[in-house]
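Take a look at the structure set out below.
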Amino acid sequence: MTRAGRILRSAGIVFVFLIIAFLGRNLFRGERGGTGTGQVVDEGIGIGMQAVTLYFADPERADLATERRDLIVGAETSTLVAAALEALARGPEGRLARIVPDGTRVRHVFIDRDGVVYADFSAELSSGMAGAGLSQEILLLRSFARTLSVNFRSLKSLVILVEGRTKPSLGGRIDTSQPLDLVDWQ
Amino acid sequence: MRVASVRILRFLPVLAMSLLAIVPVPSGRAEEVPTPGRARIVYGDGRPTEEVAILESGRQVWFSARDLSAIIGAPRYWRSDLKRLILKSGAHQMTLVADSDVAILDATSPLHLPAPVHQLGDAIWIPVEILLDADQAPFGLNGLDGASPWFDLPIRWNAGEHLLEVGEPAGNLEAIALSSASPGRLDIQVRGTWEWRLAAADRDRVVLRFMGIAGPGDSFRLPSGNGLYRDIRTTLIPEGVEVTFAVAANVVGYRLQRLERPGRLSVTLSVDSIDLASGRVTPFASPLPDLPTMEGGFMPATGTDTIGLDPAGGGNERGVRAKGVVESEAMLELAMNLARRLSEELGVTVHLTRDADRALSDEQRAAVANNVGAMLFISLHYDAHPSPSVVGPRAVVSRNRPGPRTSVPGRLANLGFTAWNEGQREAVPRAYQLADRLVTELSQALSVPSRGVEEWPLPVLSAATMPAVYLEVATLTAPGGERRAKGEQDAVINAIIRAIDHYRREIR
């Protein structure tokens, strides 16, 4: 290949890359805009919008407090549950405090016919709890349990997975190897 | 033709093996019918000897599965993740099915037995060899992490005397000897597994307690004393043997060293104030040396005045870190000082789950308290909270799963096993009593509001079989949290001692 040919090939690769980046940026803009403004958007990502109540830590009351959020969702409950857990992981938008460790992602959510939610998180959910006290572990589990039970009445219990596996404990103090009863953890 | 013959010859052994597999071959001996007999179980930890029924046939002996619990202390170690124990009458094998990698009974494929399992009436009889493997698989009580020494339980079968010896036999006080070369030195020699504690250090009466030993042996001779040691005596006490002596008025300090080969406690008295100034000896008025802790072996239950203390974290588990304080380090220091003061002021025996920076699982922590027969168990912690308004001490007791006890599956249902994680079933009311007293005393001592007593499912508590409390002495993230952690340790210790003292008087 001549020198001019190599330059043309490189330019072509850069051009294709720029187009992909541009499309991706617009795609994520649409998703973000829909979450906060209440617009119904359909870009092949979500098919509707639902208001959910999320529970974060209240720095003033030493307890959980609520924040309402409109989430773009798919047709199945599992996508709405995943969206609610992702919203918890992204943290509050107002004065409340984050409970789920920073950087945590929801990898997958599965709900069985008995109302057991299997929520698979990224490793940050566990690694971010190092150095946490019992209160932080309790707040985290109550935040999950209350968010799920208030918004999804048919759900019974939650199995927390980290990178696809159960963990004996997220912060070393509370047993998370067994399903958490959503009523018990209110 | 020759090639064909060679091929046939090659296949002959295979043919022969196949025929052997098809044609039944008589075993040559019939299984003998076992006859009933009696045997005694002798416990090394001093529990009363038990007489149990056995079956015998020649040199082979079977124990009833009903006695399994009494022999290996299984109720304390049973885990609910063991699903089934399959014992087929007449079969030379046993299958244990568990679904956890930390199950104590962790074999998942059939184990071959030297004799068949028998079923007579509703009782199942198992070959004694199963028990003899108790320090290995399948009943290895050391299965929690594969290397832990906490659960070693040697079992020996003495066929001649029909004795099943469970645990290390109790040691003896072998000798007390004054050194002829050094008049300040006294060696107290002990055989077997033992622990010791300095119960009093007064010039008129120094009291050394040797726990887990039976008493002076046959050849024991008590020395009469010398210019420094007077009135040397030995007394049998429920925990073991007490050695007492008085020391001369010119003695300024003492040093105690545990030495091995032979196992002995070496006492050195000094009349030289240089030894005192250099720290080589401890003055009689100074704090007691560190208490011994359970480092291994099967420990006897030591009665109602035994307390289990669990410093949080250890190893890689450093716990809450805030304002320059690390929970695992601070709790170890607090627990060691608290243990010393409890022993000194309330006269109780304290067992720490750890006395160094090492990792322990929650199961191991609870197991230490269970093994030593503690009357109460306190796991010591700090808390951290996103809200700075959270300040005071908090206590947590176990939240029991609602409903009936976990049923023990399969044929072991009638053996009296309890699920490992249900140790707090009956203990929670008492735990509440203790927890409430602890947070009340701490709150008053530190002049901060109490956060009260809560119930949460904590594994460190749920496997303990005595009243167990998870105690957060302070919240590090609160304003002044580091002051309460570092500067007010004495106040915290005083408050905990008062609470325990009050609790003990309440339950008596």
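Here, A, B, ... name the chains of the structure tokens in the order displayed, residue numbers run from 1 inside each chain, and ligands are numbered from 1 in the same displayed order.
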Taking only C-alpha atoms into account, which residues of chain B are within 6 Å of chain A, as a PyMOL selection string?
chain B and resi 319-321+383-385+387+458
Tell me which protein, DNA and RNA residues are within 10 Å of Glu124 of chain A, counting only C-alpha atoms, leaving out same-chain ones fewer than 2 positions away, and put them as a tab-separated table (two decimals) with C-alpha atoms, in the first residue's frame.
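around26.tsv, written as the output of this step:
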chain	number	residue	atom	x	y	z
A	100	VAL	CA	-25.05	2.55	47.29
A	101	PRO	CA	-21.26	2.78	46.82
A	102	ASP	CA	-20.12	5.06	44.03
A	103	GLY	CA	-19.52	3.33	40.69
A	104	THR	CA	-21.93	0.46	41.34
A	105	ARG	CA	-23.76	-0.75	38.23
A	121	PHE	CA	-24.51	-5.77	40.74
A	122	SER	CA	-20.98	-4.89	39.73
A	126	SER	CA	-19.13	-4.97	47.75
A	127	SER	CA	-15.72	-3.31	47.45
A	128	GLY	CA	-17.26	0.08	48.19
A	129	MET	CA	-18.58	-1.19	51.53
A	130	ALA	CA	-15.09	-1.83	52.93
A	162	VAL	CA	-22.18	-9.41	42.97
A	163	GLU	CA	-20.63	-10.20	39.62
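Using only C-alpha atoms, the smallest distance between any of B:Val33, B:Val390, B:Val428, B:Val207 and Leu461 of chain B comes from B:Val428.
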**Asked** When DSSP works through the backbone of this structure, what residues of segment 350-449 of chain B end up as strand (DSSP E or B), shown as a VMD selection string?
**Response** chain B and resid 350 to 352 376 to 383 394 to 398
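Distance check against Asp114 of chain A using only C-alpha atoms: of A:Ala82, A:Ala89, A:Leu158, A:Leu148, the minimum falls on A:Leu158.
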Judged by only C-alpha atoms, the minimum distance to Arg340 of chain B among B:Val243, B:Ala499, B:Ala199, B:Ala159 is found for B:Ala199
Review point. Residues at most 8 Å from Val117 of chain A, counting only C-alpha atoms, excluding those fewer than 2 positions away in the same chain, as an MDAnalysis selection string?
Key: chainID A and resid 109:112 115 119 155:159
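Scanning segment 342-379 of chain B with DSSP on the backbone, the alpha helix (DSSP H) assignments fall on Leu342, Ser343, Glu344, Glu345, Leu346, Asp362, Glu363, Gln364, Arg365, Ala366, Ala367, Val368, Ala369, Asn370 and Asn371 of chain B.
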